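Let me begin by presenting the structure, written as structure tokens, before commenting on it.
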Amino acid sequence: MQQYLWDGDRGFFFDYDFYQRQEIELSLSPRLIIRYGQALATPEQAAAVAKHLPVFEQPGGLAMSPENSGAQWDYPYGWAPV
């Protein structure tokens, strides 16, 4: 999981498509921190991921993305389960 899900250049965990054998290009998302970061992150990875947290912080909670693509759960909106 460290080999396929951790992107050291971006300092974040991402999903991986094993059929296409490539990282799934998604924007940063707190759901990825919850999914992978809690169980997989080394102390160094946790520190790298923590540097991204301010981009999600919004009045009232965390945005699901730092980008406004127009998607339902995209910036500036959150998703209650996360």
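Chain labels run A, B, ... following the order of the structure tokens; each chain numbers its residues from 1, and ligands are numbered from 1 in the order shown.
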
**Prompt:** Can you list every residue in chain A that DSSP puts in helix (DSSP H, G or I), as number ranges by chain?
**Reply:** A: 2-5, 30-40, 43-50, 53-55

Kindly save the residues from that selection, with N, CA, C and O atoms included, as an mmCIF file, in the first residue's frame.
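Saved as selection.cif:
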data_model
loop_
_atom_site.group_PDB
_atom_site.id
_atom_site.type_symbol
_atom_site.label_atom_id
_atom_site.label_comp_id
_atom_site.auth_asym_id
_atom_site.auth_seq_id
_atom_site.Cartn_x
_atom_site.Cartn_y
_atom_site.Cartn_z
ATOM 1 N N GLN A 2 1.983 1.194 0.696
ATOM 2 C CA GLN A 2 2.886 2.342 0.678
ATOM 3 C C GLN A 2 3.399 2.601 -0.741
ATOM 4 O O GLN A 2 3.502 3.746 -1.168
ATOM 5 N N GLN A 3 3.690 1.552 -1.466
ATOM 6 C CA GLN A 3 4.234 1.678 -2.824
ATOM 7 C C GLN A 3 3.239 2.320 -3.778
ATOM 8 O O GLN A 3 3.607 3.137 -4.621
ATOM 9 N N TYR A 4 1.976 1.974 -3.673
ATOM 10 C CA TYR A 4 0.987 2.405 -4.652
ATOM 11 C C TYR A 4 0.159 3.615 -4.229
ATOM 12 O O TYR A 4 -0.331 4.350 -5.075
ATOM 13 N N LEU A 5 -0.041 3.819 -2.948
ATOM 14 C CA LEU A 5 -0.956 4.865 -2.504
ATOM 15 C C LEU A 5 -0.265 6.158 -2.072
ATOM 16 O O LEU A 5 -0.882 7.215 -2.097
ATOM 17 N N PRO A 30 -9.878 15.362 2.285
ATOM 18 C CA PRO A 30 -9.745 14.808 3.633
ATOM 19 C C PRO A 30 -10.205 13.358 3.720
ATOM 20 O O PRO A 30 -9.768 12.628 4.584
ATOM 21 N N ARG A 31 -11.035 12.894 2.804
ATOM 22 C CA ARG A 31 -11.454 11.490 2.839
ATOM 23 C C ARG A 31 -10.267 10.572 2.641
ATOM 24 O O ARG A 31 -10.218 9.469 3.169
ATOM 25 N N LEU A 32 -9.277 11.018 1.864
ATOM 26 C CA LEU A 32 -8.085 10.210 1.658
ATOM 27 C C LEU A 32 -7.218 10.158 2.906
ATOM 28 O O LEU A 32 -6.561 9.158 3.166
ATOM 29 N N ILE A 33 -7.232 11.222 3.688
ATOM 30 C CA ILE A 33 -6.509 11.214 4.964
ATOM 31 C C ILE A 33 -7.141 10.190 5.888
ATOM 32 O O ILE A 33 -6.455 9.385 6.513
ATOM 33 N N ILE A 34 -8.448 10.203 5.954
ATOM 34 C CA ILE A 34 -9.157 9.283 6.838
ATOM 35 C C ILE A 34 -8.980 7.852 6.351
ATOM 36 O O ILE A 34 -8.737 6.937 7.131
ATOM 37 N N ARG A 35 -9.087 7.638 5.062
ATOM 38 C CA ARG A 35 -9.006 6.290 4.504
ATOM 39 C C ARG A 35 -7.620 5.674 4.687
ATOM 40 O O ARG A 35 -7.483 4.524 5.066
ATOM 41 N N TYR A 36 -6.569 6.424 4.382
ATOM 42 C CA TYR A 36 -5.225 5.852 4.374
ATOM 43 C C TYR A 36 -4.326 6.382 5.487
ATOM 44 O O TYR A 36 -3.530 5.647 6.041
ATOM 45 N N GLY A 37 -4.427 7.632 5.766
ATOM 46 C CA GLY A 37 -3.488 8.268 6.673
ATOM 47 C C GLY A 37 -3.527 7.762 8.096
ATOM 48 O O GLY A 37 -2.497 7.673 8.757
ATOM 49 N N GLN A 38 -4.700 7.418 8.578
ATOM 50 C CA GLN A 38 -4.795 6.977 9.966
ATOM 51 C C GLN A 38 -4.074 5.659 10.199
ATOM 52 O O GLN A 38 -3.472 5.458 11.239
ATOM 53 N N ALA A 39 -4.140 4.751 9.268
ATOM 54 C CA ALA A 39 -3.589 3.417 9.483
ATOM 55 C C ALA A 39 -2.217 3.227 8.845
ATOM 56 O O ALA A 39 -1.462 2.375 9.293
ATOM 57 N N LEU A 40 -1.896 3.980 7.816
ATOM 58 C CA LEU A 40 -0.698 3.710 7.033
ATOM 59 C C LEU A 40 0.451 4.674 7.234
ATOM 60 O O LEU A 40 1.592 4.320 6.985
ATOM 61 N N PRO A 43 5.421 8.564 10.657
ATOM 62 C CA PRO A 43 5.462 9.921 11.230
ATOM 63 C C PRO A 43 5.831 10.986 10.189
ATOM 64 O O PRO A 43 5.277 12.084 10.198
ATOM 65 N N GLU A 44 6.736 10.659 9.280
ATOM 66 C CA GLU A 44 7.137 11.621 8.241
ATOM 67 C C GLU A 44 5.988 11.885 7.271
ATOM 68 O O GLU A 44 5.768 13.028 6.852
ATOM 69 N N GLN A 45 5.264 10.845 6.903
ATOM 70 C CA GLN A 45 4.121 11.018 6.001
ATOM 71 C C GLN A 45 3.018 11.810 6.687
ATOM 72 O O GLN A 45 2.394 12.675 6.065
ATOM 73 N N ALA A 46 2.769 11.536 7.940
ATOM 74 C CA ALA A 46 1.746 12.278 8.679
ATOM 75 C C ALA A 46 2.082 13.762 8.721
ATOM 76 O O ALA A 46 1.194 14.612 8.552
ATOM 77 N N ALA A 47 3.342 14.093 8.904
ATOM 78 C CA ALA A 47 3.751 15.500 8.905
ATOM 79 C C ALA A 47 3.541 16.136 7.541
ATOM 80 O O ALA A 47 3.092 17.287 7.434
ATOM 81 N N ALA A 48 3.840 15.396 6.470
ATOM 82 C CA ALA A 48 3.640 15.920 5.109
ATOM 83 C C ALA A 48 2.160 16.143 4.834
ATOM 84 O O ALA A 48 1.768 17.178 4.276
ATOM 85 N N VAL A 49 1.319 15.191 5.222
ATOM 86 C CA VAL A 49 -0.122 15.315 5.022
ATOM 87 C C VAL A 49 -0.672 16.492 5.832
ATOM 88 O O VAL A 49 -1.508 17.257 5.348
ATOM 89 N N ALA A 50 -0.186 16.653 7.048
ATOM 90 C CA ALA A 50 -0.674 17.736 7.919
ATOM 91 C C ALA A 50 -0.449 19.115 7.298
ATOM 92 O O ALA A 50 -1.230 20.037 7.544
ATOM 93 N N LEU A 53 -3.574 20.354 5.463
ATOM 94 C CA LEU A 53 -4.843 20.563 6.171
ATOM 95 C C LEU A 53 -5.404 21.977 6.057
ATOM 96 O O LEU A 53 -6.616 22.127 5.918
ATOM 97 N N PRO A 54 -4.591 23.031 6.097
ATOM 98 C CA PRO A 54 -5.180 24.373 5.997
ATOM 99 C C PRO A 54 -6.002 24.617 4.730
ATOM 100 O O PRO A 54 -6.918 25.431 4.748
ATOM 101 N N VAL A 55 -5.728 23.910 3.632
ATOM 102 C CA VAL A 55 -6.505 24.136 2.409
ATOM 103 C C VAL A 55 -7.936 23.634 2.546
ATOM 104 O O VAL A 55 -8.804 24.034 1.775
#

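Near Gly61 (chain A), within a cut-off of 9 Å and counting only C-alpha atoms, sit the residues Phe56, Tyr77 and Gly78 of chain A, with same-chain residues fewer than 5 positions away left out.
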
Put those residues in a file: N, CA and C atoms, as a PDB file, in the first residue's frame.
ATOM      1  N   PHE A  56      -8.194  22.760   3.516  1.00  0.00           N
ATOM      2  CA  PHE A  56      -9.539  22.225   3.718  1.00  0.00           C
ATOM      3  C   PHE A  56     -10.336  23.009   4.753  1.00  0.00           C
ATOM      4  N   TYR A  77     -17.857  23.102   0.016  1.00  0.00           N
ATOM      5  CA  TYR A  77     -18.755  22.269   0.807  1.00  0.00           C
ATOM      6  C   TYR A  77     -18.036  21.099   1.474  1.00  0.00           C
ATOM      7  N   GLY A  78     -18.643  20.611   2.527  1.00  0.00           N
ATOM      8  CA  GLY A  78     -18.127  19.455   3.236  1.00  0.00           C
ATOM      9  C   GLY A  78     -19.051  18.269   3.023  1.00  0.00           C
TER      10      GLY A  78
END

**Request:** Write down as an MDAnalysis selection string the residues of chain A whose backbone DSSP state falls under strand (DSSP E).
**Result:** chainID A and resid 6:7 12:13 16:17 22:23 57:58 61:62

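The environment of Tyr75 (chain A) within 10 Å, counting only C-alpha atoms and disregarding residues fewer than 4 places along the same chain, consists of Val55, Phe56, Gln58, Leu62, Ala63, Met64, Ser65, Pro66, Glu67, Asn68, Ser69, Gly70 and Ala71 of chain A.
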
**Message:** If we count only C-alpha atoms and set the cut-off at 12 Å, which residues sit around Gln22 (chain A), ignoring sequence neighbours fewer than 3 positions away in its own chain? Please answer as a list in words.
**Reply:** Gln3, Tyr4, Leu5, Asp7, Phe14, Asp15, Tyr16, Asp17, Phe18, Tyr19, Glu25 and Leu26 of chain A

Kindly save the residues from that selection, with all heavy atoms included, as a CSV table (one decimal), in the first residue's frame.
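Okay, this is what ended up in result.csv:
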chain,number,residue,atom,x,y,z
A,3,GLN,N,3.7,1.6,-1.5
A,3,GLN,CA,4.2,1.7,-2.8
A,3,GLN,C,3.2,2.3,-3.8
A,3,GLN,O,3.6,3.1,-4.6
A,3,GLN,CB,4.6,0.3,-3.3
A,3,GLN,CG,5.1,0.3,-4.8
A,3,GLN,CD,5.5,-1.1,-5.3
A,3,GLN,OE1,5.5,-2.0,-4.5
A,3,GLN,NE2,5.7,-1.2,-6.6
A,4,TYR,N,2.0,2.0,-3.7
A,4,TYR,CA,1.0,2.4,-4.7
A,4,TYR,C,0.2,3.6,-4.2
A,4,TYR,O,-0.3,4.4,-5.1
A,4,TYR,CB,0.0,1.3,-5.0
A,4,TYR,CG,0.7,0.1,-5.7
A,4,TYR,CD1,1.0,-1.1,-5.0
A,4,TYR,CD2,1.1,0.2,-7.0
A,4,TYR,CE1,1.7,-2.1,-5.7
A,4,TYR,CE2,1.8,-0.8,-7.7
A,4,TYR,CZ,2.0,-2.0,-7.0
A,4,TYR,OH,2.7,-3.0,-7.6
A,5,LEU,N,0.0,3.8,-2.9
A,5,LEU,CA,-1.0,4.9,-2.5
A,5,LEU,C,-0.3,6.2,-2.1
A,5,LEU,O,-0.9,7.2,-2.1
A,5,LEU,CB,-1.8,4.3,-1.4
A,5,LEU,CG,-2.6,3.1,-1.7
A,5,LEU,CD1,-3.4,2.6,-0.4
A,5,LEU,CD2,-3.5,3.3,-2.9
A,7,ASP,N,2.1,9.3,-2.5
A,7,ASP,CA,2.8,10.1,-3.5
A,7,ASP,C,3.7,11.0,-2.7
A,7,ASP,O,3.3,12.0,-2.2
A,7,ASP,CB,1.8,10.9,-4.3
A,7,ASP,CG,2.4,11.7,-5.4
A,7,ASP,OD1,3.5,12.1,-5.3
A,7,ASP,OD2,1.7,11.9,-6.4
A,14,PHE,N,-3.1,8.8,-2.3
A,14,PHE,CA,-4.1,8.9,-3.3
A,14,PHE,C,-4.6,7.5,-3.7
A,14,PHE,O,-3.9,6.5,-3.4
A,14,PHE,CB,-3.5,9.5,-4.6
A,14,PHE,CG,-3.3,11.0,-4.5
A,14,PHE,CD1,-2.0,11.4,-4.1
A,14,PHE,CD2,-4.2,11.9,-4.7
A,14,PHE,CE1,-1.7,12.7,-3.9
A,14,PHE,CE2,-4.0,13.3,-4.6
A,14,PHE,CZ,-2.7,13.7,-4.2
A,15,ASP,N,-5.8,7.4,-4.3
A,15,ASP,CA,-6.3,6.1,-4.7
A,15,ASP,C,-5.4,5.6,-5.9
A,15,ASP,O,-4.8,6.4,-6.6
A,15,ASP,CB,-7.7,6.2,-5.2
A,15,ASP,CG,-8.7,6.4,-4.0
A,15,ASP,OD1,-8.4,5.9,-2.9
A,15,ASP,OD2,-9.7,7.0,-4.2
A,16,TYR,N,-5.5,4.3,-6.1
A,16,TYR,CA,-4.7,3.7,-7.2
A,16,TYR,C,-5.6,2.7,-7.9
A,16,TYR,O,-6.3,1.9,-7.4
A,16,TYR,CB,-3.5,2.9,-6.6
A,16,TYR,CG,-2.5,2.4,-7.6
A,16,TYR,CD1,-1.5,3.2,-8.2
A,16,TYR,CD2,-2.6,1.1,-8.1
A,16,TYR,CE1,-0.6,2.8,-9.1
A,16,TYR,CE2,-1.7,0.6,-9.0
A,16,TYR,CZ,-0.7,1.5,-9.5
A,16,TYR,OH,0.2,1.0,-10.5
A,17,ASP,N,-5.5,2.7,-9.3
A,17,ASP,CA,-6.3,1.8,-10.1
A,17,ASP,C,-5.4,0.7,-10.5
A,17,ASP,O,-4.4,0.8,-11.4
A,17,ASP,CB,-6.7,2.6,-11.4
A,17,ASP,CG,-7.6,1.8,-12.3
A,17,ASP,OD1,-7.4,0.5,-12.3
A,17,ASP,OD2,-8.4,2.4,-13.0
A,18,PHE,N,-5.6,-0.5,-10.0
A,18,PHE,CA,-4.7,-1.6,-10.2
A,18,PHE,C,-5.0,-2.2,-11.6
A,18,PHE,O,-4.1,-2.9,-12.2
A,18,PHE,CB,-4.9,-2.7,-9.2
A,18,PHE,CG,-4.3,-2.3,-7.9
A,18,PHE,CD1,-5.0,-1.7,-6.9
A,18,PHE,CD2,-2.9,-2.6,-7.7
A,18,PHE,CE1,-4.4,-1.4,-5.7
A,18,PHE,CE2,-2.3,-2.2,-6.5
A,18,PHE,CZ,-3.0,-1.6,-5.5
A,19,TYR,N,-6.1,-2.0,-12.2
A,19,TYR,CA,-6.4,-2.4,-13.6
A,19,TYR,C,-5.6,-1.6,-14.6
A,19,TYR,O,-5.0,-2.2,-15.5
A,19,TYR,CB,-7.9,-2.4,-13.9
A,19,TYR,CG,-8.7,-3.3,-13.1
A,19,TYR,CD1,-9.6,-2.9,-12.2
A,19,TYR,CD2,-8.6,-4.7,-13.4
A,19,TYR,CE1,-10.3,-3.8,-11.4
A,19,TYR,CE2,-9.4,-5.6,-12.6
A,19,TYR,CZ,-10.2,-5.1,-11.6
A,19,TYR,OH,-10.9,-6.0,-10.9
A,25,GLU,N,-6.0,10.2,-10.6
A,25,GLU,CA,-5.8,11.6,-10.4
A,25,GLU,C,-7.0,12.2,-9.8
A,25,GLU,O,-8.1,12.5,-10.4
A,25,GLU,CB,-5.5,12.3,-11.7
A,25,GLU,CG,-5.2,13.7,-11.6
A,25,GLU,CD,-4.0,14.0,-10.7
A,25,GLU,OE1,-3.0,13.3,-10.8
A,25,GLU,OE2,-4.0,14.9,-9.9
A,26,LEU,N,-6.9,12.4,-8.5
A,26,LEU,CA,-8.0,13.1,-7.7
A,26,LEU,C,-7.3,14.3,-7.0
A,26,LEU,O,-6.1,14.3,-6.8
A,26,LEU,CB,-8.6,12.2,-6.6
A,26,LEU,CG,-9.3,11.0,-7.1
A,26,LEU,CD1,-9.6,10.1,-5.9
A,26,LEU,CD2,-10.5,11.3,-7.9

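Counting from CA of Arg21 (chain A), the distance to CA of His52 (chain A) is 25.8 Å.
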
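Distance-wise, CA of Ile24 (chain A) and CA of Ala41 (chain A) end up 19.0 Å apart.
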
**Prompt:** What does the distance from CA of Asp74 (chain A) to CA of Trp6 (chain A) come to in Å, to one decimal?
**Reply:** 22.4 Å
